[in-house]
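Novice: I am sharing coords-v5.pdb, which consists of PDB, C-alpha atoms:
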ATOM      1  CA  MET A   1     111.465-144.882  98.389
ATOM      2  CA  LYS A   2     110.130-148.418  97.973
ATOM      3  CA  GLN A   3     110.155-150.171  94.593
ATOM      4  CA  SER A   4     106.700-150.950  93.186
ATOM      5  CA  ARG A   5     105.673-154.508  92.362
ATOM      6  CA  ALA A   6     105.482-153.591  88.683
ATOM      7  CA  MET A   7     109.026-152.245  88.685
ATOM      8  CA  SER A   8     110.214-155.344  90.573
ATOM      9  CA  LEU A   9     108.696-157.458  87.798
ATOM     10  CA  VAL A  10     110.324-155.307  85.112
ATOM     11  CA  GLU A  11     113.675-155.601  86.906
ATOM     12  CA  SER A  12     113.358-159.394  87.204
ATOM     13  CA  LEU A  13     112.368-159.851  83.557
ATOM     14  CA  THR A  14     115.204-157.587  82.431
ATOM     15  CA  ASN A  15     117.664-159.535  84.574
ATOM     16  CA  VAL A  16     116.522-162.842  83.036
ATOM     17  CA  ALA A  17     116.638-161.484  79.469
ATOM     18  CA  VAL A  18     120.104-159.992  79.916
ATOM     19  CA  GLY A  19     121.348-163.185  81.590
ATOM     20  CA  TYR A  20     120.023-165.286  78.713
ATOM     21  CA  GLY A  21     121.711-163.045  76.144
ATOM     22  CA  ILE A  22     125.010-163.134  78.023
ATOM     23  CA  ALA A  23     124.827-166.933  78.308
ATOM     24  CA  VAL A  24     124.264-167.374  74.553
ATOM     25  CA  ILE A  25     126.971-164.888  73.571
ATOM     26  CA  THR A  26     129.431-166.435  76.038
ATOM     27  CA  GLN A  27     128.792-169.893  74.609
ATOM     28  CA  ILE A  28     129.285-168.645  71.047
ATOM     29  CA  VAL A  29     132.633-167.115  72.044
ATOM     30  CA  VAL A  30     133.931-169.737  74.498
ATOM     31  CA  PHE A  31     132.849-173.069  73.022
ATOM     32  CA  PRO A  32     135.152-172.812  69.974
ATOM     33  CA  LEU A  33     138.093-172.185  72.323
ATOM     34  CA  PHE A  34     137.502-175.716  73.623
ATOM     35  CA  GLY A  35     136.934-177.240  70.198
ATOM     36  CA  LEU A  36     133.152-177.403  70.598
ATOM     37  CA  THR A  37     130.980-176.525  67.650
ATOM     38  CA  THR A  38     127.287-175.779  68.087
ATOM     39  CA  THR A  39     124.593-174.158  66.021
ATOM     40  CA  LEU A  40     122.876-170.952  67.036
ATOM     41  CA  SER A  41     119.714-172.899  67.909
ATOM     42  CA  GLU A  42     121.741-175.287  70.108
ATOM     43  CA  ASN A  43     123.332-172.301  71.858
ATOM     44  CA  MET A  44     119.907-170.755  72.369
ATOM     45  CA  ALA A  45     118.500-174.011  73.788
ATOM     46  CA  MET A  46     121.443-174.405  76.174
ATOM     47  CA  GLY A  47     121.099-170.750  77.175
ATOM     48  CA  ALA A  48     117.432-171.376  77.993
ATOM     49  CA  ILE A  49     118.350-174.374  80.156
ATOM     50  CA  PHE A  50     121.029-172.368  81.984
ATOM     51  CA  THR A  51     118.524-169.545  82.482
ATOM     52  CA  VAL A  52     115.909-171.868  84.036
ATOM     53  CA  VAL A  53     118.568-173.350  86.346
ATOM     54  CA  SER A  54     119.700-169.838  87.301
ATOM     55  CA  ILE A  55     116.149-168.736  88.111
ATOM     56  CA  ALA A  56     115.604-171.845  90.259
ATOM     57  CA  ARG A  57     118.920-171.283  92.067
ATOM     58  CA  SER A  58     118.149-167.638  92.711
ATOM     59  CA  TYR A  59     114.663-168.445  94.010
ATOM     60  CA  MET A  60     115.881-171.190  96.345
ATOM     61  CA  LEU A  61     118.655-169.019  97.761
ATOM     62  CA  ARG A  62     116.259-166.115  98.261
ATOM     63  CA  ARG A  63     113.821-168.361 100.154
ATOM     64  CA  LEU A  64     116.681-169.831 102.227
ATOM     65  CA  PHE A  65     117.936-166.391 103.212
ATOM     66  CA  GLU A  66     114.381-165.291 104.029
ATOM     67  CA  ALA A  67     113.951-168.360 106.277
ATOM     68  CA  VAL A  68     117.242-167.582 108.010
ATOM     69  CA  ARG A  69     116.190-163.949 108.437
ATOM     70  CA  LEU A  70     112.852-164.954 109.927
ATOM     71  CA  GLN A  71     114.454-167.482 112.253
ATOM     72  CA  HIS A  72     117.048-164.941 113.357
ATOM     73  CA  SER A  73     114.419-162.267 114.015
ATOM     74  CA  THR A  74     112.364-164.608 116.235
ATOM     75  CA  THR A  75     115.354-165.854 118.252
ATOM     76  CA  GLY A  76     117.443-162.724 118.474
TER      77      GLY A  76
END
Transcribe the structure of this file into structure tokens.
Specialist:
Amino acid sequence: MKQSRAMSLVESLTNVAVGYGIAVITQIVVFPLFGLTTTLSENMAMGAIFTVVSIARSYMLRRLFEAVRLQHSTTG
């Protein structure tokens, strides 16, 4: 069974939200181990930056793999 576009959107949004939460929680736990002190709002801002970078990375890799797939299907 194929996933609907709506469910794909729900999955993507859930993935981003969970990733953001994990990033913020990880920073809150790990930063003090390295002697770094940040406020909750600083952690949230950094988490947002990491999330945007992660989305861009994921998109670029997905497009790269799609280009490779298309090239492979036309030559092979």
Novice: Go ahead and compute the interatomic distance for atom CA of A:Ala17 and atom CA of A:Ile55, in Å to one decimal.
Specialist: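 Separation of atom CA of A:Ala17 and atom CA of A:Ile55: 11.3 Å.
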Novice: One decimal, Å: what's the distance from atom CA of A:Thr75 over to atom CA of A:Arg62, could you say?
Specialist: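 According to the coordinates, atom CA of A:Thr75 and atom CA of A:Arg62 are separated by 20.0 Å.
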Novice: Could you jot down the atom CA of A:Gly47 to atom CA of A:Gly21 separation for me, Å, one decimal place?
Specialist: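 Straight-line distance from atom CA of A:Gly47 to atom CA of A:Gly21 works out to 7.8 Å.
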Novice: For the PyMOL selection byres ((chain A and resi 43) around 10), applied here, can you spell out every residue it catches as a list in words?
Specialist: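 On this input, the PyMOL selection byres ((chain A and resi 43) around 10) captures Ala23, Val24, Ile25, Thr26, Gln27, Ile28, Phe31, Thr37, Thr38, Thr39, Leu40, Ser41, Glu42, Met44, Ala45, Met46, Gly47, Ala48 and Ile49 of chain A.
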Novice: Enclose stretch 1-7 of chain A, meaning all of its atoms listed in the file, in a box aligned along x, y and z, pad it by 5 Å on each side, and list the centre and edge lengths in Å to one decimal, as lines of an AutoDock Vina configuration file.
Specialist:
center_x = 108.5
center_y = -149.7
center_z = 93.5
size_x = 16.0
size_y = 19.6
size_z = 19.7
